[in-house]
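*Asks:* To start, I am sharing the structure in question, which I have written as structure tokens.
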Amino acid sequence: MAQGRSQQTQQAFQVLQPLCVSLIKEPTLENVQMLRRLLEGVAPDARQQLYQYILFPLRLILREPQKRSQELCEQTVLCMCDVLKHCTVSEWDMFSDLFSVLSILISCRTNVGKVAELSEELKLAVVNCLIALIQSANEQINRRLYQPSFLPALGHLVSLLLSAAEQEKMRELKVQAMECLLHLAQCSGEGWQKNPNSSEARVAFASFLPGIAMAICKVILGDTKQGQNVTVKAIQLWSRLVSLVMSEDGKHKSQSDTRTTHQSPRPDTSRANGESLLIKRTSEWVESTAKKLNILIGQIVTMVTNPHWKVRMAMAQFAKDLIFECKCSLTDSTPKLLELLVSLVGDEYSQVATLSQETLKEFSQCHLDGEAKQLVELLEDNLYSLMTVLPRLVRAADDTKKLSTLNLVIGYLKLLGPRITTLLYSAAHLKRLSLALIQVVEFDTRDVKILEDVHLNADTTSRLEAFQYYKTRRKYFKHFTDEAVYEGFVKICHLLGQYGNITLLVNHFLDLFHTSSPHRKQVVLILNEIVLGTLETGLSDSTITSWESSRESDNEQLHDSEEIETTIRLLVQEYISDDNWQLPTNIDQSECSESSQVSSNWMITPRQQIESFSLATVNSNALLICLLLEGIGAFAQVLGAGFNAILMECLYPVLEKLADEKAIISQSAYNTLADICSGCAYSSIPDLLCDNADYLVDTISLKLRHLDFNPKAPLVLKVTLQHSNSNMLPLLEDTINEILITLDQYYGDRAAAFMKVLHVLVISIVRWFPTQQECKTQSSSASTGISDNNSLNPSVNSHPSQDIKAFFLEYHRNKRIAAGDMDDADIDDAGGDGDHVVGQDEEDDVDEKKVLPIHVQAVKQVLERCLHFVSSKDPRLRLLVLDVIQNGVLALASTKEELLPIIHKLWPGFVQRFSDSELLVTCKACETLFVMGETCCDFIRRRVAKDVWPKTIKFLTTQAKISIKTGPSYKHTAAHKLQKTILGGIGRLCKQVDIGESELCDMLTACLPYLSARQPEVLQKAAVESVCAFMSVEPDSVWLALNDLYCPSSLSPPHQVFPEIKFAGSGSEGNEYSTNVKMLLADIDKT
């Protein structure tokens, strides 16, 4: 084996010798790079034997760095590092020479102790080579490294590394410089406390401690742009070096260290000078140093709020090292370190929280008795002091300081755990805690969006089916904007609810709610979160207090379920009381006079008086109502199925707020219903309403009978219909009838409110009972059947000439019958028809006796009520009634026998809307007419031609002369909207009602001016669509009319017998109609 190693060494020497000799003679970059490549193939044993021979030419190159290029020096250092990584240095002369050469290489010539202005790559290579050199040294060299004689060289390198860590920009260089300091002090790696040379390093580095502590503290508190790796390494270096120098072992062994130092040989004066640099670790020195370090520790602990979890993890380890390694020397700093750990107990990262909890647990076991009484008292006193200064910090400090303070409170509460109940029995603690929390979350009520009105969203139906939440509006506070601060406040409330006495807390905050009007919103928010905290009934692994006995962690439940239910019932009754629930949310709101409300005669209608409120007041009221709604949703989540017992008390009030005109209140009420469904195991809001329909129907009906005292009852019915399904309709039948009866009684001032309910009813029926296009299906199937019968009947000839012959024969026979000239065959045919008519009449009698479905009856009754309101003086009501008619026609589309008579009754009042003073009403009437045309078809043909056509043609003709001269702003007018509506649907209406040729030509004449290029582009497109629809009815008439406008090409007669026809639009190469006319004529040619 030894012989084989010798051969490997000889072979390696033969390979390396020429290159090393060449390197001494010609120290070039190529030779150094070649040497690095050759070293990769050298065996480790051979490299260990030859390392001095290999390092010799490299040392010569680095002795004169000013004569070498930086690139050559860098490659030389890298080559030296490769050698040192795989060998052990046992010669002190070699070690000290390399140590000095590398230190001088990066040292500034003019300013000793500062890093020279070299390339960052070269400096990084030197630092890495120093780390490799220190790691390659054996134990004997490590002991001599800290001898007084070598202290100046050691101090020089420490200064260089501190300068690099503090001033360099390269992150990796800063990190490696601090890593080199850790290796130099024998503090690197795990278990560094057990290093055999730590005592010698402690004595030596005591001399460097002030400079190291100051410089590394600056790095820790430096700009965040330096990166978390630099900060983490700096925190680790500071804590380990301070722990090394200030450790208890060092204090007890200081005398022995001093003796050992005095007994060591002193060969020359330099050694004596080195000994003069050593620090004697006396008790006075330790006390003085601890006071100075305490100042730096106070600055470093502020890093506990760093956003990066690795930095917070390093801070937790920082506190652990100093607490246990310097438990006697840094006693003044212990409260700060404990406070740091407490603030990290509730950290969002489990690694940080676990390390903090384990450290606190170990500290309590080492320093305090089994019950941890002293630590508990310390925590309680600190918590009281912290809650005292918290309001001031919230008003004056930045969000980072506020967050760190709240995290500290969270840590204290988590450590106290179930002992919080005992703490809250102290009136001083409870008062201080409650007032501090109230002042933290003071709301900002200046947002004008709070009073934003509700707008019907297109996704209402999808929300009902998909069970989606509205996006919760962010809460705005006066004293902070960071959402993390609010989350910290919520955690504090949850901990109070989890560990505190729920009855004591609720009663205390309810007293504040009644006595402090400006703080009511904050109190409600706190109560909601405290109750939510009761959901966390068990002590999870991450929240077990560090010194509580195991019997406390075995408790699965901290609160009695009956106590929670009783508390929630009390809060619900308080929340929905009229004093809190019926707050004004409008700046001008009518209120019933007190004299009328207290009158003994309930038949007397209360007098209304208008009361004005400030914007701040109504904003505050709206926010308070939203918080009350959120509280009810939170209570449902806490009680779960047990909330069904309370549901009867709060369901109607929540629906009342769902109908509120303020968007923020309405959305909060919807989310509350969603929370109730989630907590009480309902699959959707319609299921919730259907299962509690009996209660809702009775309540709504009762309140409708006393409408003067319950003006919001119709609105509750409205939202009930909006958020229900078809199963709810039979249950609401009597209530709907009461609405109709009440509408007949209050047709004046209450008409608009009731009509909104009926409007929602009709829309809901259209959604619940979608109509199938039976008319179109029957007509298509009938035409298909006739063609099939003709094809199967051999007596019917499909030839065109035979069809014409049959038509004239049938026409002649009908003419004779009409003149009274009938034969026996004609009489038989007539008798057959009579029998058929009699049979049809009998079927009609049966249909009349048939009971109509509930939804058909409801829509029919609603449309009958519209007869009286379609001519209302209020234009808003007229618009609403027309929309009700439009949706009612859609709902009855499948029951023509009920729809057509109602259309007949509605027509006289409806047709007057086409000459309404409000153009928007006329526009809505046109939309309704188009729906009628789609469902009633030719039933309204004569009515349309007689009553609607003249008014529509007149408007289009007159307005075309106006719109052709207008600019872009015209599209925002009501007249433009009406023109667009008429032109967009009139063509489809002609097809649906099968309008006559003469009426169609009149309408075509009115629409043709809109084909002009001078008209607004939107109107041109609508006119083109209408003319295209006219083509499908009367293509010949349309073709002639278009050629009169513009004839793109002259038409030659097929024979000389026929005269040449010249259109009015011919003879011109192009005019204002040419573009649209060409397009329409091309469509006619295609068809």
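Labels used: A, B, ... for chains in the order of the structure tokens, numbers from 1 for residues in each chain, and numbers from 1 for ligands as shown.
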Name all residues at most 8 Å from Ser1012 of chain A (count only C-alpha atoms; drop same-chain ones fewer than 3 positions away) and give them as a PyMOL selection string.
*Replies:* chain A and resi 1008-1009+1015+1020+1072-1073+1076
*Asks:* Pick out each residue of segment 180-424 of chain A that DSSP on the backbone tags as helix (DSSP H, G or I); I need them as a count of residues only.
*Replies:* 194
*Asks:* I'd like the interatomic distance between atom CA of Leu627 of chain A and atom CA of Lys662 of chain A, to a tenth of an Å.
*Replies:*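 So the answer is 14.3 Å.
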*Asks:* Do a neighbour search on Met1003 of chain A at 12 Å with only C-alpha atoms, toss out local chain neighbours closer than 5 positions, and write the hits as a ChimeraX atom specification.
*Replies:* /A:944-945,948-957,982-983,986-987,989-990,995-998,1008-1010,1023,1026-1027,1029-1030,1037-1038,1041
*Asks:* How about saving the chosen residues, N, CA, C and O atoms kept, as a compact mmCIF listing (two decimals), in the first residue's frame?
*Replies:*
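In the end it all went to again.txt:
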```txt
# COMPACT_ATOMS: atom_id res chain seq x y z
N VAL A 944 -101.18 47.41 -34.80
CA VAL A 944 -99.90 48.06 -35.06
C VAL A 944 -100.02 48.99 -36.27
O VAL A 944 -99.55 50.13 -36.25
N ALA A 945 -100.65 48.49 -37.34
CA ALA A 945 -100.76 49.29 -38.56
C ALA A 945 -101.62 50.53 -38.34
O ALA A 945 -101.35 51.60 -38.89
N VAL A 948 -99.85 52.35 -34.20
CA VAL A 948 -98.42 52.57 -33.96
C VAL A 948 -97.72 53.12 -35.20
O VAL A 948 -96.88 54.01 -35.10
N TRP A 949 -98.08 52.60 -36.34
CA TRP A 949 -97.36 52.94 -37.57
C TRP A 949 -97.32 54.46 -37.84
O TRP A 949 -96.25 55.00 -38.11
N PRO A 950 -98.44 55.15 -37.79
CA PRO A 950 -98.40 56.60 -38.12
C PRO A 950 -97.48 57.39 -37.18
O PRO A 950 -96.71 58.25 -37.64
N LYS A 951 -97.54 57.09 -35.88
CA LYS A 951 -96.70 57.83 -34.93
C LYS A 951 -95.21 57.51 -35.13
O LYS A 951 -94.37 58.40 -35.07
N THR A 952 -94.92 56.25 -35.39
CA THR A 952 -93.53 55.86 -35.58
C THR A 952 -92.96 56.46 -36.86
O THR A 952 -91.84 56.98 -36.88
N ILE A 953 -93.76 56.41 -37.93
CA ILE A 953 -93.30 56.97 -39.21
C ILE A 953 -93.08 58.47 -39.09
O ILE A 953 -92.09 59.02 -39.58
N LYS A 954 -93.97 59.13 -38.42
CA LYS A 954 -93.84 60.58 -38.25
C LYS A 954 -92.57 60.93 -37.48
O LYS A 954 -91.83 61.85 -37.85
N PHE A 955 -92.31 60.18 -36.39
CA PHE A 955 -91.11 60.45 -35.59
C PHE A 955 -89.84 60.20 -36.40
O PHE A 955 -88.91 61.02 -36.39
N LEU A 956 -89.78 59.06 -37.11
CA LEU A 956 -88.58 58.75 -37.88
C LEU A 956 -88.34 59.79 -38.97
O LEU A 956 -87.20 60.22 -39.21
N THR A 957 -89.41 60.21 -39.65
CA THR A 957 -89.25 61.18 -40.74
C THR A 957 -88.78 62.53 -40.21
O THR A 957 -87.88 63.16 -40.77
N ILE A 982 -86.10 51.90 -32.50
CA ILE A 982 -87.10 51.67 -33.55
C ILE A 982 -86.46 51.01 -34.77
O ILE A 982 -86.94 49.99 -35.28
N LEU A 983 -85.35 51.57 -35.23
CA LEU A 983 -84.70 51.02 -36.42
C LEU A 983 -84.15 49.61 -36.17
O LEU A 983 -84.12 48.79 -37.10
N ILE A 986 -87.82 47.35 -35.87
CA ILE A 986 -89.03 47.48 -36.70
C ILE A 986 -89.06 46.45 -37.82
O ILE A 986 -90.13 45.96 -38.21
N GLY A 987 -87.90 46.09 -38.35
CA GLY A 987 -87.88 45.08 -39.41
C GLY A 987 -88.30 43.72 -38.90
O GLY A 987 -89.08 43.01 -39.56
N LEU A 989 -90.22 43.20 -36.39
CA LEU A 989 -91.65 43.29 -36.09
C LEU A 989 -92.48 43.07 -37.35
O LEU A 989 -93.53 42.40 -37.30
N CYS A 990 -92.06 43.63 -38.47
CA CYS A 990 -92.81 43.45 -39.72
C CYS A 990 -92.90 41.97 -40.10
O CYS A 990 -93.94 41.50 -40.59
N ILE A 995 -96.88 42.22 -41.59
CA ILE A 995 -97.47 43.51 -41.93
C ILE A 995 -97.80 43.57 -43.41
O ILE A 995 -97.16 42.90 -44.24
N GLY A 996 -98.77 44.38 -43.77
CA GLY A 996 -99.18 44.49 -45.17
C GLY A 996 -98.17 45.23 -46.02
O GLY A 996 -97.28 45.94 -45.51
N GLU A 997 -98.35 45.08 -47.36
CA GLU A 997 -97.37 45.67 -48.27
C GLU A 997 -97.38 47.18 -48.21
O GLU A 997 -96.33 47.82 -48.20
N SER A 998 -98.55 47.78 -48.18
CA SER A 998 -98.61 49.24 -48.18
C SER A 998 -98.01 49.82 -46.90
O SER A 998 -97.28 50.81 -46.94
N LEU A 1008 -85.50 54.83 -45.15
CA LEU A 1008 -84.47 55.03 -46.18
C LEU A 1008 -83.56 56.24 -45.92
O LEU A 1008 -82.36 56.17 -46.21
N PRO A 1009 -84.03 57.36 -45.36
CA PRO A 1009 -83.11 58.48 -45.10
C PRO A 1009 -81.96 58.14 -44.16
O PRO A 1009 -80.93 58.81 -44.18
N TYR A 1010 -82.14 57.11 -43.38
CA TYR A 1010 -81.09 56.73 -42.43
C TYR A 1010 -79.98 55.93 -43.09
O TYR A 1010 -78.99 55.59 -42.42
N ALA A 1023 -80.51 50.91 -39.51
CA ALA A 1023 -81.37 51.02 -40.70
C ALA A 1023 -81.07 49.91 -41.69
O ALA A 1023 -82.00 49.35 -42.32
N SER A 1026 -82.83 46.80 -40.55
CA SER A 1026 -84.28 46.85 -40.80
C SER A 1026 -84.59 46.61 -42.27
O SER A 1026 -85.51 45.84 -42.62
N VAL A 1027 -83.84 47.23 -43.17
CA VAL A 1027 -84.09 47.05 -44.61
C VAL A 1027 -83.84 45.61 -45.01
O VAL A 1027 -84.57 45.05 -45.85
N ALA A 1029 -84.42 43.09 -43.13
CA ALA A 1029 -85.62 42.37 -42.69
C ALA A 1029 -86.78 42.63 -43.64
O ALA A 1029 -87.59 41.73 -43.93
N PHE A 1030 -86.90 43.87 -44.15
CA PHE A 1030 -87.96 44.17 -45.13
C PHE A 1030 -87.79 43.33 -46.39
O PHE A 1030 -88.79 42.96 -47.03
N SER A 1037 -90.39 45.37 -53.65
CA SER A 1037 -90.61 46.77 -53.26
C SER A 1037 -89.32 47.38 -52.73
O SER A 1037 -88.99 48.55 -53.01
N VAL A 1038 -88.58 46.61 -51.95
CA VAL A 1038 -87.32 47.12 -51.40
C VAL A 1038 -86.33 47.39 -52.52
O VAL A 1038 -85.63 48.40 -52.54
N ALA A 1041 -87.23 50.60 -54.28
CA ALA A 1041 -86.97 51.78 -53.46
C ALA A 1041 -85.47 52.06 -53.36
O ALA A 1041 -85.04 53.22 -53.40
```
*Asks:* Find the residues around Ile564 of chain A up to 10 Å (only C-alpha atoms counted), leave out those fewer than 3 positions away in its own chain, and share them as a PDB file with N, CA, C and O atoms, in the first residue's frame.
*Replies:*
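Produced file around-v6.pdb, reproduced below:
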```pdb
ATOM      1  N   ILE A 502     -65.684  34.251  28.016  1.00  0.00           N
ATOM      2  CA  ILE A 502     -66.489  34.863  26.967  1.00  0.00           C
ATOM      3  C   ILE A 502     -67.604  35.721  27.555  1.00  0.00           C
ATOM      4  O   ILE A 502     -67.920  36.803  27.040  1.00  0.00           O
ATOM      5  N   THR A 503     -68.203  35.274  28.649  1.00  0.00           N
ATOM      6  CA  THR A 503     -69.284  36.043  29.263  1.00  0.00           C
ATOM      7  C   THR A 503     -68.768  37.361  29.819  1.00  0.00           C
ATOM      8  O   THR A 503     -69.388  38.427  29.631  1.00  0.00           O
ATOM      9  N   VAL A 531     -65.979  36.408  19.411  1.00  0.00           N
ATOM     10  CA  VAL A 531     -66.857  35.240  19.269  1.00  0.00           C
ATOM     11  C   VAL A 531     -66.280  34.252  18.255  1.00  0.00           C
ATOM     12  O   VAL A 531     -66.335  33.031  18.454  1.00  0.00           O
ATOM     13  N   THR A 534     -63.821  31.745  19.640  1.00  0.00           N
ATOM     14  CA  THR A 534     -64.279  30.559  20.372  1.00  0.00           C
ATOM     15  C   THR A 534     -64.303  29.321  19.503  1.00  0.00           C
ATOM     16  O   THR A 534     -64.426  28.204  20.017  1.00  0.00           O
ATOM     17  N   HIS A 559     -64.585  26.280  26.338  1.00  0.00           N
ATOM     18  CA  HIS A 559     -65.821  27.022  26.587  1.00  0.00           C
ATOM     19  C   HIS A 559     -66.996  26.048  26.565  1.00  0.00           C
ATOM     20  O   HIS A 559     -67.014  25.076  25.801  1.00  0.00           O
ATOM     21  N   ASP A 560     -67.974  26.353  27.393  1.00  0.00           N
ATOM     22  CA  ASP A 560     -69.204  25.580  27.418  1.00  0.00           C
ATOM     23  C   ASP A 560     -70.080  26.000  26.241  1.00  0.00           C
ATOM     24  O   ASP A 560     -70.281  27.195  25.995  1.00  0.00           O
ATOM     25  N   SER A 561     -70.593  25.022  25.489  1.00  0.00           N
ATOM     26  CA  SER A 561     -71.411  25.333  24.319  1.00  0.00           C
ATOM     27  C   SER A 561     -72.674  26.095  24.708  1.00  0.00           C
ATOM     28  O   SER A 561     -73.128  26.985  23.977  1.00  0.00           O
ATOM     29  N   THR A 567     -74.633  33.539  25.038  1.00  0.00           N
ATOM     30  CA  THR A 567     -73.963  34.804  24.723  1.00  0.00           C
ATOM     31  C   THR A 567     -74.340  35.291  23.330  1.00  0.00           C
ATOM     32  O   THR A 567     -74.634  36.477  23.121  1.00  0.00           O
ATOM     33  N   ILE A 568     -74.354  34.375  22.368  1.00  0.00           N
ATOM     34  CA  ILE A 568     -74.694  34.760  20.994  1.00  0.00           C
ATOM     35  C   ILE A 568     -76.147  35.206  20.899  1.00  0.00           C
ATOM     36  O   ILE A 568     -76.477  36.174  20.192  1.00  0.00           O
ATOM     37  N   ARG A 569     -77.013  34.536  21.602  1.00  0.00           N
ATOM     38  CA  ARG A 569     -78.425  34.956  21.597  1.00  0.00           C
ATOM     39  C   ARG A 569     -78.563  36.377  22.158  1.00  0.00           C
ATOM     40  O   ARG A 569     -79.335  37.197  21.629  1.00  0.00           O
ATOM     41  N   LEU A 570     -77.806  36.666  23.210  1.00  0.00           N
ATOM     42  CA  LEU A 570     -77.828  38.016  23.779  1.00  0.00           C
ATOM     43  C   LEU A 570     -77.333  39.037  22.761  1.00  0.00           C
ATOM     44  O   LEU A 570     -77.921  40.119  22.599  1.00  0.00           O
ATOM     45  N   PHE A 635     -71.706  34.595  13.972  1.00  0.00           N
ATOM     46  CA  PHE A 635     -72.388  33.773  14.980  1.00  0.00           C
ATOM     47  C   PHE A 635     -72.895  32.475  14.367  1.00  0.00           C
ATOM     48  O   PHE A 635     -72.852  31.409  15.012  1.00  0.00           O
ATOM     49  N   VAL A 638     -70.083  30.077  14.146  1.00  0.00           N
ATOM     50  CA  VAL A 638     -69.665  29.529  15.436  1.00  0.00           C
ATOM     51  C   VAL A 638     -70.635  28.454  15.921  1.00  0.00           C
ATOM     52  O   VAL A 638     -70.227  27.363  16.336  1.00  0.00           O
ATOM     53  N   LEU A 639     -71.929  28.729  15.856  1.00  0.00           N
ATOM     54  CA  LEU A 639     -72.917  27.790  16.381  1.00  0.00           C
ATOM     55  C   LEU A 639     -73.208  26.642  15.428  1.00  0.00           C
ATOM     56  O   LEU A 639     -73.634  25.565  15.857  1.00  0.00           O
TER      57      LEU A 639
END
```
*Asks:* Compile the contact shell of Ile736 of chain A as a ChimeraX atom specification: residues with an atom at most 10 Å away, counting only C-alpha atoms, same-chain residues fewer than 5 positions apart removed.
*Replies:* /A:701,717,729-731,741-742,757-758,761,858,861-862
